[in-house]
file my_file30.cif (mmCIF, C-alpha atoms)
data_upload
#
loop_
_atom_site.label_atom_id
_atom_site.label_comp_id
_atom_site.auth_asym_id
_atom_site.auth_seq_id
_atom_site.Cartn_x
_atom_site.Cartn_y
_atom_site.Cartn_z
CA MET A 1 -68.18 -26.18 -81.03
CA ILE A 2 -65.72 -23.80 -82.62
CA THR A 3 -67.63 -23.00 -85.80
CA GLY A 4 -65.23 -20.47 -87.24
CA THR A 5 -61.90 -18.75 -86.76
CA GLY A 6 -60.19 -15.68 -88.13
CA THR A 7 -56.47 -14.93 -88.10
CA VAL A 8 -54.51 -11.93 -89.27
CA ALA A 9 -50.72 -11.66 -89.08
CA GLY A 10 -48.09 -8.97 -89.33
CA PRO A 11 -45.54 -8.86 -92.15
CA PHE A 12 -42.80 -10.70 -90.24
CA GLU A 13 -45.15 -13.53 -89.21
CA GLY A 14 -46.33 -13.60 -92.82
CA GLN A 15 -42.86 -14.74 -93.85
CA GLY A 16 -42.93 -17.65 -91.40
CA PRO A 17 -43.62 -21.32 -92.07
CA LEU A 18 -47.35 -21.04 -91.23
CA LYS A 19 -48.11 -18.17 -93.60
CA GLU A 20 -50.51 -20.14 -95.80
CA TYR A 21 -52.86 -20.68 -92.84
CA PHE A 22 -53.43 -17.02 -92.04
CA ASP A 23 -56.52 -15.35 -93.47
CA HIS A 24 -54.84 -12.03 -93.95
CA ILE A 25 -51.22 -10.91 -93.86
CA TYR A 26 -50.42 -7.22 -93.48
CA THR A 27 -47.60 -5.79 -95.56
CA ASP A 28 -47.06 -2.97 -93.09
CA ASN A 29 -46.56 -3.06 -89.30
CA MET A 30 -48.70 0.08 -89.04
CA ALA A 31 -51.61 -1.59 -90.89
CA GLY A 32 -52.44 1.79 -92.42
CA GLU A 33 -53.04 3.36 -88.99
CA ARG A 34 -51.32 6.33 -87.36
CA SER A 35 -49.86 4.39 -84.44
CA PHE A 36 -48.83 0.83 -83.59
CA GLU A 37 -51.64 0.71 -81.03
CA GLY A 38 -54.07 1.67 -83.79
CA ALA A 39 -52.58 -1.06 -85.96
CA GLU A 40 -53.14 -3.69 -83.29
CA LYS A 41 -56.77 -2.61 -82.94
CA GLU A 42 -57.23 -2.75 -86.72
CA MET A 43 -55.81 -6.28 -86.71
CA LEU A 44 -58.11 -7.52 -83.93
CA ILE A 45 -61.19 -6.02 -85.59
CA ASN A 46 -60.15 -7.57 -88.92
CA ALA A 47 -59.66 -10.98 -87.27
CA CYS A 48 -63.12 -10.75 -85.65
CA PHE A 49 -64.90 -9.75 -88.86
CA THR A 50 -63.02 -12.42 -90.83
CA CYS A 51 -64.07 -15.01 -88.28
CA LEU A 52 -67.73 -13.90 -88.44
CA ASN A 53 -67.66 -13.76 -92.25
CA LYS A 54 -66.30 -17.27 -92.54
CA ALA A 55 -68.98 -18.54 -90.16
CA GLY A 56 -71.66 -16.57 -92.00
CA LYS A 57 -72.67 -14.52 -88.96
CA THR A 58 -73.06 -10.82 -88.25
CA PRO A 59 -71.93 -9.02 -85.09
CA GLN A 60 -75.60 -8.50 -84.17
CA GLU A 61 -76.07 -12.25 -83.84
CA VAL A 62 -73.20 -12.62 -81.36
CA ASP A 63 -74.22 -12.45 -77.70
CA ILE A 64 -70.86 -11.84 -76.06
CA PHE A 65 -67.39 -10.78 -77.18
CA LEU A 66 -64.55 -11.91 -74.91
CA SER A 67 -61.18 -10.43 -75.67
CA GLY A 68 -57.82 -9.54 -74.22
CA ASP A 69 -54.41 -8.23 -75.23
CA LEU A 70 -51.15 -7.16 -73.66
CA LEU A 71 -51.56 -3.39 -73.51
CA ASN A 72 -52.34 -1.34 -70.42
CA GLN A 73 -56.05 -1.51 -69.57
CA THR A 74 -56.43 -3.89 -72.58
CA ILE A 75 -57.17 -0.94 -74.86
CA THR A 76 -56.97 -2.99 -78.05
CA SER A 77 -59.87 -5.17 -76.96
CA GLY A 78 -61.93 -2.34 -75.51
CA PHE A 79 -61.53 -0.12 -78.57
CA SER A 80 -62.28 -3.07 -80.87
CA ALA A 81 -65.43 -3.88 -78.89
CA LEU A 82 -66.55 -0.31 -79.46
CA GLU A 83 -66.47 -0.81 -83.22
CA LEU A 84 -67.82 -4.35 -83.21
CA ALA A 85 -70.75 -3.24 -81.00
CA ILE A 86 -71.08 -6.67 -79.38
CA PRO A 87 -71.68 -6.94 -75.59
CA TYR A 88 -68.16 -7.22 -74.24
CA PHE A 89 -66.22 -8.73 -71.36
CA GLY A 90 -62.54 -7.75 -71.19
CA ILE A 91 -60.22 -10.51 -70.03
CA TYR A 92 -56.53 -10.59 -69.23
CA GLY A 93 -54.30 -13.65 -68.96
CA ALA A 94 -51.22 -12.16 -70.63
CA CYS A 95 -50.21 -14.57 -73.38
CA SER A 96 -52.64 -17.21 -72.09
CA THR A 97 -55.55 -14.97 -73.08
CA SER A 98 -56.39 -17.05 -76.17
CA ALA A 99 -57.09 -20.19 -74.14
CA GLU A 100 -58.74 -18.19 -71.36
CA GLY A 101 -61.16 -16.64 -73.85
CA LEU A 102 -61.87 -19.95 -75.55
CA ALA A 103 -62.46 -21.66 -72.19
CA LEU A 104 -64.82 -18.95 -70.91
CA ALA A 105 -66.66 -18.83 -74.24
CA SER A 106 -67.23 -22.58 -74.14
CA MET A 107 -68.50 -22.37 -70.57
CA LEU A 108 -70.89 -19.55 -71.43
CA VAL A 109 -72.28 -21.49 -74.39
CA ASP A 110 -72.38 -24.83 -72.60
CA GLY A 111 -74.15 -23.28 -69.61
CA GLY A 112 -76.80 -21.82 -71.89
CA PHE A 113 -75.92 -18.22 -71.06
CA ALA A 114 -75.16 -17.34 -74.68
CA ARG A 115 -75.82 -18.78 -78.12
CA LEU A 116 -72.81 -17.35 -79.89
CA VAL A 117 -69.62 -16.10 -78.23
CA LEU A 118 -66.67 -14.56 -80.05
CA ALA A 119 -63.29 -14.97 -78.32
CA GLY A 120 -60.41 -12.80 -79.51
CA ALA A 121 -56.80 -12.08 -78.59
CA SER A 122 -54.14 -9.88 -80.10
CA SER A 123 -50.58 -8.68 -79.67
CA HIS A 124 -48.25 -6.42 -81.62
CA ASN A 125 -44.48 -6.55 -81.49
CA SER A 126 -43.99 -2.79 -81.45
CA THR A 127 -46.64 -2.04 -78.80
CA ALA A 128 -45.70 -4.88 -76.45
CA GLU A 129 -41.95 -4.39 -76.67
CA ARG A 130 -42.44 -0.69 -75.97
CA GLN A 131 -44.52 -1.42 -72.89
CA TYR A 132 -42.69 -4.39 -71.41
CA ARG A 133 -39.09 -4.02 -72.55
CA PHE A 134 -37.66 -1.27 -74.73
CA PRO A 135 -39.17 0.74 -77.55
CA THR A 136 -37.78 -0.63 -80.81
CA GLU A 137 -36.56 2.87 -81.71
CA TYR A 138 -34.20 2.62 -78.76
CA GLY A 139 -32.28 -0.03 -80.68
CA SER A 140 -31.37 -2.10 -77.65
CA HIS A 141 -29.65 -5.43 -78.23
CA ARG A 142 -31.84 -8.44 -77.56
CA LYS A 143 -30.64 -11.16 -75.24
CA PRO A 144 -30.38 -14.75 -76.51
CA THR A 145 -33.08 -15.86 -74.03
CA SER A 146 -35.54 -13.24 -75.23
CA GLN A 147 -38.52 -13.99 -77.43
CA TRP A 148 -40.15 -12.09 -80.25
CA THR A 149 -43.65 -10.77 -79.58
CA VAL A 150 -45.89 -11.93 -82.42
CA THR A 151 -47.80 -9.29 -84.36
CA GLY A 152 -51.30 -10.39 -85.21
CA ALA A 153 -54.72 -11.27 -83.91
CA GLY A 154 -56.93 -14.32 -83.79
CA ALA A 155 -60.61 -14.88 -83.08
CA ALA A 156 -62.79 -17.95 -82.65
CA LEU A 157 -66.56 -18.24 -82.73
CA VAL A 158 -68.09 -20.68 -80.25
CA ALA A 159 -71.61 -22.02 -80.82
CA PRO A 160 -73.67 -24.78 -79.14
CA ALA A 161 -73.82 -26.84 -82.34
CA GLY A 162 -72.44 -26.83 -85.85
CA LYS A 163 -69.56 -28.04 -87.93
CA GLY A 164 -66.15 -27.87 -86.32
CA PRO A 165 -64.05 -29.13 -83.43
CA ALA A 166 -65.47 -29.09 -79.91
CA VAL A 167 -63.97 -27.88 -76.65
CA THR A 168 -64.33 -30.99 -74.50
CA TYR A 169 -62.40 -30.25 -71.33
CA ILE A 170 -60.89 -27.24 -69.59
CA THR A 171 -58.20 -27.27 -66.93
CA VAL A 172 -57.89 -23.85 -65.33
CA GLY A 173 -54.34 -23.14 -64.24
CA LYS A 174 -53.01 -21.94 -60.92
CA VAL A 175 -50.57 -19.07 -60.75
CA THR A 176 -47.03 -20.26 -60.04
CA ASP A 177 -43.95 -18.32 -59.04
CA MET A 178 -40.51 -19.74 -59.68
CA ALA A 179 -38.57 -16.64 -58.61
CA ILE A 180 -37.69 -15.61 -62.16
CA LYS A 181 -37.19 -11.85 -62.36
CA ASP A 182 -35.85 -11.36 -65.88
CA PRO A 183 -38.49 -10.11 -68.34
CA LEU A 184 -36.14 -11.19 -71.11
CA ASN A 185 -36.42 -14.83 -70.06
CA MET A 186 -40.16 -15.43 -69.91
CA GLY A 187 -40.05 -19.02 -71.14
CA ALA A 188 -38.44 -20.12 -67.89
CA ALA A 189 -40.99 -18.17 -65.84
CA MET A 190 -43.95 -19.79 -67.60
CA ALA A 191 -42.70 -23.36 -68.14
CA PRO A 192 -43.47 -24.55 -64.57
CA ALA A 193 -47.04 -23.23 -64.88
CA ALA A 194 -47.47 -25.12 -68.16
CA ALA A 195 -46.03 -28.31 -66.66
CA LEU A 196 -48.29 -28.13 -63.60
CA THR A 197 -51.41 -27.54 -65.71
CA ILE A 198 -50.54 -30.43 -68.05
CA ILE A 199 -49.99 -32.80 -65.08
CA GLN A 200 -53.21 -31.59 -63.43
CA HIS A 201 -55.09 -32.11 -66.69
CA PHE A 202 -53.87 -35.71 -66.94
CA ALA A 203 -54.69 -36.32 -63.26
CA ASP A 204 -58.22 -34.90 -63.64
CA THR A 205 -59.06 -36.75 -66.83
CA GLY A 206 -57.09 -39.95 -66.39
CA ARG A 207 -55.61 -39.30 -69.82
CA GLY A 208 -51.96 -39.36 -70.82
CA PRO A 209 -49.99 -37.63 -73.57
CA GLU A 210 -50.87 -40.52 -75.93
CA HIS A 211 -54.55 -39.51 -75.81
CA TYR A 212 -53.73 -36.48 -77.95
CA ASP A 213 -52.47 -36.22 -81.48
CA LEU A 214 -50.76 -33.01 -80.50
CA ILE A 215 -50.11 -31.05 -77.32
CA VAL A 216 -49.07 -27.43 -77.80
CA THR A 217 -48.02 -24.86 -75.26
CA GLY A 218 -48.53 -21.17 -75.99
CA ASP A 219 -45.23 -19.36 -76.08
CA LEU A 220 -42.57 -21.04 -73.98
CA GLY A 221 -39.96 -20.77 -76.68
CA LYS A 222 -36.93 -23.00 -77.07
CA LEU A 223 -35.66 -22.90 -73.47
CA GLY A 224 -39.11 -23.00 -71.89
CA ARG A 225 -40.13 -25.98 -74.01
CA GLN A 226 -37.14 -28.03 -72.84
CA LEU A 227 -37.84 -27.04 -69.25
CA CYS A 228 -41.51 -28.00 -69.60
CA VAL A 229 -40.68 -31.47 -71.01
CA LYS A 230 -38.26 -32.03 -68.10
CA LEU A 231 -40.73 -30.87 -65.45
CA VAL A 232 -43.64 -32.95 -66.79
CA GLN A 233 -41.32 -35.96 -66.81
CA SER A 234 -39.88 -35.44 -63.32
CA ARG A 235 -43.02 -34.28 -61.50
CA GLY A 236 -45.74 -36.14 -63.36
CA GLY A 237 -43.89 -39.04 -64.96
CA PHE A 238 -45.37 -38.32 -68.37
CA ASP A 239 -43.28 -38.36 -71.53
CA LEU A 240 -44.04 -35.42 -73.80
CA GLY A 241 -41.25 -36.33 -76.21
CA LYS A 242 -43.43 -37.56 -79.08
CA ASN A 243 -46.31 -35.21 -79.70
CA TYR A 244 -45.49 -31.94 -77.99
CA ASN A 245 -44.66 -28.63 -79.58
CA ASP A 246 -44.77 -24.94 -78.75
CA CYS A 247 -46.71 -22.31 -80.72
CA GLY A 248 -43.89 -19.82 -80.22
CA LEU A 249 -41.53 -22.22 -81.98
CA MET A 250 -43.95 -23.20 -84.75
CA ILE A 251 -44.79 -19.70 -85.94
CA PHE A 252 -41.27 -18.69 -86.94
CA ASP A 253 -38.49 -20.40 -88.83
CA PRO A 254 -35.62 -20.55 -86.32
CA GLU A 255 -33.05 -20.86 -89.11
CA LYS A 256 -34.15 -17.97 -91.29
CA GLN A 257 -35.89 -15.64 -88.83
CA ASP A 258 -33.69 -14.31 -86.07
CA VAL A 259 -36.11 -14.47 -83.15
CA HIS A 260 -33.73 -16.01 -80.59
CA CYS A 261 -35.91 -18.23 -78.38
CA GLY A 262 -39.10 -18.09 -80.45
CA GLY A 263 -42.33 -16.12 -80.60
CA SER A 264 -44.44 -14.91 -77.70
CA GLY A 265 -47.53 -12.82 -77.06
CA CYS A 266 -51.28 -13.47 -77.13
CA ALA A 267 -51.13 -13.78 -80.91
CA ALA A 268 -48.59 -16.64 -80.87
CA SER A 269 -51.02 -19.25 -79.58
CA ALA A 270 -54.03 -17.55 -81.20
CA LEU A 271 -52.50 -17.54 -84.69
CA VAL A 272 -51.11 -21.07 -84.50
CA THR A 273 -54.25 -22.60 -82.95
CA TYR A 274 -56.94 -20.70 -84.84
CA GLY A 275 -55.01 -20.72 -88.11
CA HIS A 276 -52.74 -23.72 -88.56
CA LEU A 277 -54.14 -26.22 -86.02
CA TYR A 278 -57.81 -25.39 -86.67
CA ASN A 279 -57.19 -26.14 -90.36
CA LYS A 280 -55.54 -29.45 -89.49
CA LEU A 281 -58.51 -30.37 -87.29
CA MET A 282 -61.01 -29.47 -90.00
CA GLN A 283 -59.09 -31.48 -92.59
CA GLY A 284 -58.95 -34.48 -90.29
CA GLU A 285 -55.17 -34.52 -89.98
CA LEU A 286 -55.55 -33.91 -86.26
CA LYS A 287 -58.35 -35.32 -84.15
CA LYS A 288 -57.42 -34.47 -80.59
CA LEU A 289 -55.53 -31.37 -79.59
CA LEU A 290 -54.54 -30.04 -76.19
CA LEU A 291 -53.83 -26.31 -76.13
CA VAL A 292 -51.93 -25.15 -73.05
CA ALA A 293 -51.61 -21.39 -73.43
CA THR A 294 -49.09 -19.82 -71.10
CA GLY A 295 -48.92 -16.33 -69.67
CA ALA A 296 -46.58 -14.26 -67.53
CA LEU A 297 -48.57 -12.13 -65.11
CA HIS A 298 -46.10 -9.33 -64.48
CA SER A 299 -46.27 -5.66 -65.28
CA PRO A 300 -43.41 -3.27 -66.08
CA THR A 301 -43.95 -1.68 -62.65
CA SER A 302 -43.79 -4.99 -60.76
CA CYS A 303 -40.55 -5.84 -62.58
CA GLN A 304 -38.99 -2.46 -61.80
CA GLN A 305 -39.88 -2.95 -58.15
CA GLY A 306 -38.06 -6.27 -58.18
CA ALA A 307 -41.08 -8.57 -57.90
CA ASN A 308 -40.88 -12.07 -59.39
CA ILE A 309 -42.67 -12.94 -62.63
CA PRO A 310 -45.60 -15.26 -61.85
CA GLY A 311 -46.74 -17.63 -64.59
CA ILE A 312 -50.08 -19.19 -65.50
CA ALA A 313 -51.28 -21.76 -68.03
CA HIS A 314 -54.77 -22.89 -69.04
CA ALA A 315 -55.37 -26.18 -70.83
CA VAL A 316 -58.18 -26.52 -73.35
CA SER A 317 -58.87 -29.86 -74.95
CA ILE A 318 -60.12 -29.46 -78.53
CA GLU A 319 -61.44 -32.56 -80.29
CA MET A 320 -63.14 -33.33 -83.59
CA PRO A 321 -66.38 -35.22 -83.00
CA SER A 322 -66.03 -38.71 -84.47
CA MET B 1 3.48 8.96 -81.31
CA GLU B 2 0.46 9.40 -83.54
CA PHE B 3 0.24 5.74 -84.45
CA GLU B 4 0.56 4.69 -80.82
CA MET B 5 -2.37 6.94 -79.94
CA TYR B 6 -4.58 5.13 -82.46
CA LEU B 7 -3.63 1.82 -80.93
CA TYR B 8 -4.35 3.00 -77.38
CA ALA B 9 -7.66 4.52 -78.48
CA PHE B 10 -8.62 1.19 -80.00
CA LEU B 11 -7.61 -0.79 -76.91
CA VAL B 12 -9.10 1.50 -74.25
CA GLY B 13 -12.34 2.19 -76.16
CA GLY B 14 -12.63 -1.51 -76.98
CA ALA B 15 -12.05 -2.47 -73.36
CA ILE B 16 -14.78 -0.12 -72.12
CA CYS B 17 -17.24 -1.51 -74.69
CA ALA B 18 -16.23 -5.10 -73.92
CA LEU B 19 -16.92 -4.45 -70.24
CA GLY B 20 -20.41 -3.20 -71.14
CA GLN B 21 -21.03 -6.29 -73.29
CA LEU B 22 -19.90 -8.60 -70.49
CA ILE B 23 -22.27 -6.89 -68.05
CA LEU B 24 -25.18 -7.30 -70.49
CA ASP B 25 -24.36 -10.95 -71.19
CA PHE B 26 -23.61 -12.21 -67.71
CA THR B 27 -25.86 -10.17 -65.43
CA ASN B 28 -29.55 -9.28 -65.45
CA LEU B 29 -28.75 -5.59 -65.82
CA THR B 30 -30.37 -3.76 -68.74
CA PRO B 31 -28.81 -1.32 -71.23
CA GLY B 32 -30.28 1.45 -69.05
CA HIS B 33 -28.28 0.21 -66.07
CA VAL B 34 -25.10 0.08 -68.14
CA LEU B 35 -25.70 3.58 -69.47
CA SER B 36 -26.19 5.18 -66.06
CA GLY B 37 -23.55 2.97 -64.41
CA PHE B 38 -20.89 4.00 -66.91
CA THR B 39 -21.87 7.67 -66.57
CA VAL B 40 -21.53 7.52 -62.77
CA ALA B 41 -18.26 5.58 -63.02
CA GLY B 42 -16.94 8.19 -65.46
CA GLY B 43 -18.03 10.91 -63.04
CA ILE B 44 -16.15 9.33 -60.16
CA LEU B 45 -13.01 8.79 -62.24
CA GLY B 46 -13.32 12.35 -63.55
CA GLY B 47 -13.62 13.73 -60.04
CA LEU B 48 -10.50 11.88 -59.01
CA GLY B 49 -8.65 13.23 -62.04
CA ILE B 50 -8.12 9.75 -63.49
CA TYR B 51 -10.40 10.11 -66.49
CA ASP B 52 -8.47 13.13 -67.79
CA LYS B 53 -5.32 11.03 -67.80
CA MET B 54 -7.17 8.31 -69.72
CA ILE B 55 -8.21 10.90 -72.33
CA LYS B 56 -4.62 12.13 -72.70
CA PHE B 57 -3.47 8.55 -73.07
CA ALA B 58 -6.16 7.12 -75.36
CA GLY B 59 -7.85 10.13 -76.97
CA ALA B 60 -11.16 9.22 -78.62
CA GLY B 61 -10.96 5.77 -77.03
CA ALA B 62 -11.85 7.49 -73.76
CA THR B 63 -13.90 10.46 -75.02
CA MET B 64 -16.38 8.52 -77.17
CA PRO B 65 -17.92 6.17 -74.54
CA ILE B 66 -20.64 7.57 -72.25
CA SER B 67 -18.25 7.52 -69.27
CA SER B 68 -16.65 10.63 -70.79
CA PHE B 69 -20.01 12.38 -70.39
CA GLY B 70 -20.04 11.55 -66.67
CA SER B 71 -16.51 12.83 -66.33
CA ALA B 72 -17.38 16.07 -68.14
CA LEU B 73 -20.41 16.62 -65.84
CA VAL B 74 -18.17 16.47 -62.78
CA GLN B 75 -15.32 18.50 -64.37
CA GLY B 76 -17.73 21.31 -65.24
CA ALA B 77 -19.26 21.32 -61.77
CA MET B 78 -15.86 21.31 -60.06
CA ALA B 79 -14.40 24.07 -62.23
CA GLU B 80 -17.40 26.31 -61.62
CA ALA B 81 -17.41 25.46 -57.90
CA GLU B 82 -13.84 26.73 -57.62
CA ARG B 83 -14.87 30.06 -59.13
CA ASN B 84 -18.31 30.57 -57.53
CA GLY B 85 -18.49 28.29 -54.51
CA VAL B 86 -21.24 25.76 -53.84
CA MET B 87 -23.67 27.36 -56.30
CA GLY B 88 -21.12 26.63 -59.00
CA VAL B 89 -21.86 22.91 -58.66
CA LEU B 90 -25.36 23.61 -59.93
CA THR B 91 -24.50 26.18 -62.59
CA GLY B 92 -21.42 24.39 -63.88
CA MET B 93 -22.81 20.85 -64.08
CA PHE B 94 -23.90 21.18 -67.71
CA GLU B 95 -21.28 23.69 -68.80
CA LEU B 96 -19.00 21.29 -70.64
CA THR B 97 -21.75 18.90 -71.61
CA SER B 98 -24.25 21.42 -72.97
CA THR B 99 -23.09 20.73 -76.54
CA GLY B 100 -23.92 17.05 -76.23
CA ILE B 101 -27.23 17.61 -74.48
CA THR B 102 -28.39 20.33 -76.84
CA ALA B 103 -27.31 18.31 -79.86
CA ALA B 104 -29.23 15.28 -78.55
CA ILE B 105 -32.39 17.35 -78.07
CA ILE B 106 -32.17 19.11 -81.45
CA PHE B 107 -31.31 16.02 -83.50
CA GLY B 108 -33.86 13.97 -81.57
CA PHE B 109 -36.50 16.58 -82.36
CA LEU B 110 -35.56 16.77 -86.05
CA THR B 111 -35.56 12.99 -86.38
CA ALA B 112 -38.98 12.75 -84.74
CA VAL B 113 -40.34 15.43 -87.08
CA ILE B 114 -39.00 13.86 -90.26
CA PHE B 115 -39.21 10.11 -89.68
CA ASN B 116 -41.77 7.59 -88.47
CA PRO B 117 -40.75 4.37 -86.72
CA LYS B 118 -41.23 1.26 -88.83
CA GLY B 119 -41.52 -1.21 -86.00
#

call {"tool": "encode", "arguments": {"input": "my_file30.cif", "output": "structure tokens"}}
result
Amino acid sequence: MITGTGTVAGPFEGQGPLKEYFDHIYTDNMAGERSFEGAEKEMLINACFTCLNKAGKTPQEVDIFLSGDLLNQTITSGFSALELAIPYFGIYGACSTSAEGLALASMLVDGGFARLVLAGASSHNSTAERQYRFPTEYGSHRKPTSQWTVTGAGAALVAPAGKGPAVTYITVGKVTDMAIKDPLNMGAAMAPAAALTIIQHFADTGRGPEHYDLIVTGDLGKLGRQLCVKLVQSRGGFDLGKNYNDCGLMIFDPEKQDVHCGGSGCAASALVTYGHLYNKLMQGELKKLLLVATGALHSPTSCQQGANIPGIAHAVSIEMPS
Amino acid sequence: MEFEMYLYAFLVGGAICALGQLILDFTNLTPGHVLSGFTVAGGILGGLGIYDKMIKFAGAGATMPISSFGSALVQGAMAEAERNGVMGVLTGMFELTSTGITAAIIFGFLTAVIFNPKG
């Protein structure tokens, strides 16, 4: 059971179409801190405390904190865990970290290893762009295939019982490599991973796209989404046309916000799922949701050395008990 | 004569920039590649004496792009090499370009001291 969520967003995300679903919107990219890295940490801690507050829990009651982000050595999560003082496992799945954390948290709770697990994920445009592409101060032009790293953080509290939607099935993804080398075209690198995980999920469960009210991928963006629909159709024979969307496309307004192919980053799927979609589930507008969070498992070094960008996707089925 | 120079500056400078834009749009090369590629290309053209002719022909159209920096690196090294031999390559490399480099360092420093990035 996901008994509570917390979401905080940066100022740019706060102007997007999903702004009313975020618990807190920062007016400043620095979030009152001295550095962008400090700001990202502040956001993750805020998301965690908001989540605990809404669920009426204290950090002392939580058994395990699972968290990941995009920065080297996942410093945002580690430094946040220091302040939260909850036993901590660091995880990394690039932008798929939200689903990875949620899946592992559910397994820990379901297996009886923990009573309460907090799963968090964060990303910050200025820290991620600096690490993976160019520092924003450099003023480099962005390519039309590039995506905009979402600034924000999301957290979900998983408990064995309580009010809220339940994680009912997990399909762990395999790493795929489609020989994409361009870090400015991540949607194409991750779409095959998403497609394979979706097909595997349907094969394992005997379900089809019609079983779900909504299927969302993490951050494939405009190009990746089209590619994913095509691949699921050609390799699995399933039609995603009706109820499929992408968190990276939902979080920004493509007309008014110039983000090229859409949003990306751990926070894209975390903000959309834990904010917007969690609300829809709680209000009964959605009953069955399949989250397929996607990640690109490259590093700046591997890209500079000419290695391909491998992709991964984890599927988590989230359903309201009827 | 003067008016023609403006026109040539516009055309040559525009052509160099258009080439850079085409590289960025149609290849997987990054702005860093374009920057160093144009510098090296300017250096080669400068060494062959072609870049100087371009500057005479198009003025600022040839001096403003980064390729002019590459040309100036090589010009300085060659001029100093003629006077002092092989060691001149090392001592003369930054002779003509020291203004640009020093200005970049000083203004970069001042900007970093005064301003904070917004994101």

call {"tool": "atom_distance", "arguments": {"input": "my_file30.cif", "atom1": "CA of Val8 (chain A)", "atom2": "CA of Gly152 (chain A)"}}
result
5.4 Å

call {"tool": "interface_residues", "arguments": {"input": "my_file30.cif", "of": "chain B", "to": "chain A", "cutoff": "7 Å", "atoms": "only C-alpha atoms", "output": "PDB file with C-alpha atoms, keeping the file's coordinate frame"}}
result
ATOM      1  CA  ASN B  28     -29.550  -9.280 -65.450  1.00  0.00           C
ATOM      2  CA  PRO B  31     -28.810  -1.320 -71.230  1.00  0.00           C
ATOM      3  CA  PRO B 117     -40.750   4.370 -86.720  1.00  0.00           C
ATOM      4  CA  LYS B 118     -41.230   1.260 -88.830  1.00  0.00           C
ATOM      5  CA  GLY B 119     -41.520  -1.210 -86.000  1.00  0.00           C
TER       6      GLY B 119
END

call {"tool": "resolve_selection", "arguments": {"input": "my_file30.cif", "expression": "the PyMOL selection byres ((chain A and resi 153-169) around 8)", "output": "ChimeraX atom specification"}}
result
/A:1-9,40,43-44,47-48,51-52,55,102-103,105-106,109-110,115-123,151-152,170-171,266-267,270-271,274-275,278,281-282,316-321

call {"tool": "resolve_selection", "arguments": {"input": "my_file30.cif", "expression": "the PyMOL selection byres ((chain B and resi 17-22) around 12)", "output": "MDAnalysis selection string"}}
result
(chainID A and resid 140:143) or (chainID B and resid 9:16 23:39 61:62 64:67)

call {"tool": "axis_aligned_box", "arguments": {"input": "my_file30.cif", "around": "region 37-42 of chain B", "padding_each_side": "8 Å", "output": "AutoDock Vina command-line options"}}
result
--center_x -20.2 --center_y 5.6 --center_z -64.8 --size_x 22.6 --size_y 21.2 --size_z 20.1

call {"tool": "closest_residue", "arguments": {"input": "my_file30.cif", "among": "B:Tyr6, B:Gly46, B:Val74, B:Ala103", "to": "Leu90 (chain B)", "atoms": "all atoms listed in the file"}}
result
B:Val74

call {"tool": "residues_around", "arguments": {"input": "my_file30.cif", "residues": "Ala72 (chain B)", "least_positions_apart": "6", "cutoff": "8 Å", "atoms": "only C-alpha atoms", "output": "list of chain:residue names"}}
result
B:Gly43, B:Gly46, B:Leu96, B:Thr97

call {"tool": "atom_distance", "arguments": {"input": "my_file30.cif", "atom1": "CA of Phe12 (chain A)", "atom2": "CA of Glu285 (chain A)"}}
result
26.8 Å

call {"tool": "atom_distance", "arguments": {"input": "my_file30.cif", "atom1": "CA of Ile75 (chain A)", "atom2": "CA of Thr50 (chain A)"}}
result
20.5 Å

call {"tool": "residues_around", "arguments": {"input": "my_file30.cif", "residues": "His201 (chain A)", "least_positions_apart": "4", "cutoff": "8 Å", "atoms": "all atoms listed in the file", "output": "PyMOL selection string"}}
result
chain A and resi 171+197+205+207+315

call {"tool": "residues_around", "arguments": {"input": "my_file30.cif", "residues": "Leu196 (chain A)", "least_positions_apart": "3", "cutoff": "9 Å", "atoms": "only C-alpha atoms", "output": "PyMOL selection string"}}
result
chain A and resi 173-174+176+191-193+199-201+231-232+235-236+313

call {"tool": "resolve_selection", "arguments": {"input": "my_file30.cif", "expression": "the PyMOL selection byres ((chain B and resi 99-102) around 12)", "output": "ChimeraX atom specification"}}
result
/B:64,66,68-70,72-73,93-98,103-109

call {"tool": "closest_residue", "arguments": {"input": "my_file30.cif", "among": "B:Ala79, B:Ala41, B:Ala60, B:Gly47", "to": "Leu7 (chain B)", "atoms": "all atoms listed in the file"}}
result
B:Ala60

call {"tool": "residues_around", "arguments": {"input": "my_file30.cif", "residues": "Ser269 (chain A)", "least_positions_apart": "2", "cutoff": "7 Å", "atoms": "only C-alpha atoms", "output": "PyMOL selection string"}}
result
chain A and resi 98+218-219+247+266-267+271-273+293

call {"tool": "residues_near_point", "arguments": {"input": "my_file30.cif", "point": "(-3.3, 12.1, -75.1)", "cutoff": "10 Å", "atoms": "only C-alpha atoms", "output": "PDB file with C-alpha atoms, keeping the file's coordinate frame"}}
result
ATOM      1  CA  MET B   1       3.480   8.960 -81.310  1.00  0.00           C
ATOM      2  CA  GLU B   2       0.460   9.400 -83.540  1.00  0.00           C
ATOM      3  CA  MET B   5      -2.370   6.940 -79.940  1.00  0.00           C
ATOM      4  CA  TYR B   8      -4.350   3.000 -77.380  1.00  0.00           C
ATOM      5  CA  ALA B   9      -7.660   4.520 -78.480  1.00  0.00           C
ATOM      6  CA  ASP B  52      -8.470  13.130 -67.790  1.00  0.00           C
ATOM      7  CA  LYS B  53      -5.320  11.030 -67.800  1.00  0.00           C
ATOM      8  CA  MET B  54      -7.170   8.310 -69.720  1.00  0.00           C
ATOM      9  CA  ILE B  55      -8.210  10.900 -72.330  1.00  0.00           C
ATOM     10  CA  LYS B  56      -4.620  12.130 -72.700  1.00  0.00           C
ATOM     11  CA  PHE B  57      -3.470   8.550 -73.070  1.00  0.00           C
ATOM     12  CA  ALA B  58      -6.160   7.120 -75.360  1.00  0.00           C
ATOM     13  CA  GLY B  59      -7.850  10.130 -76.970  1.00  0.00           C
ATOM     14  CA  ALA B  60     -11.160   9.220 -78.620  1.00  0.00           C
ATOM     15  CA  ALA B  62     -11.850   7.490 -73.760  1.00  0.00           C
TER      16      ALA B  62
END
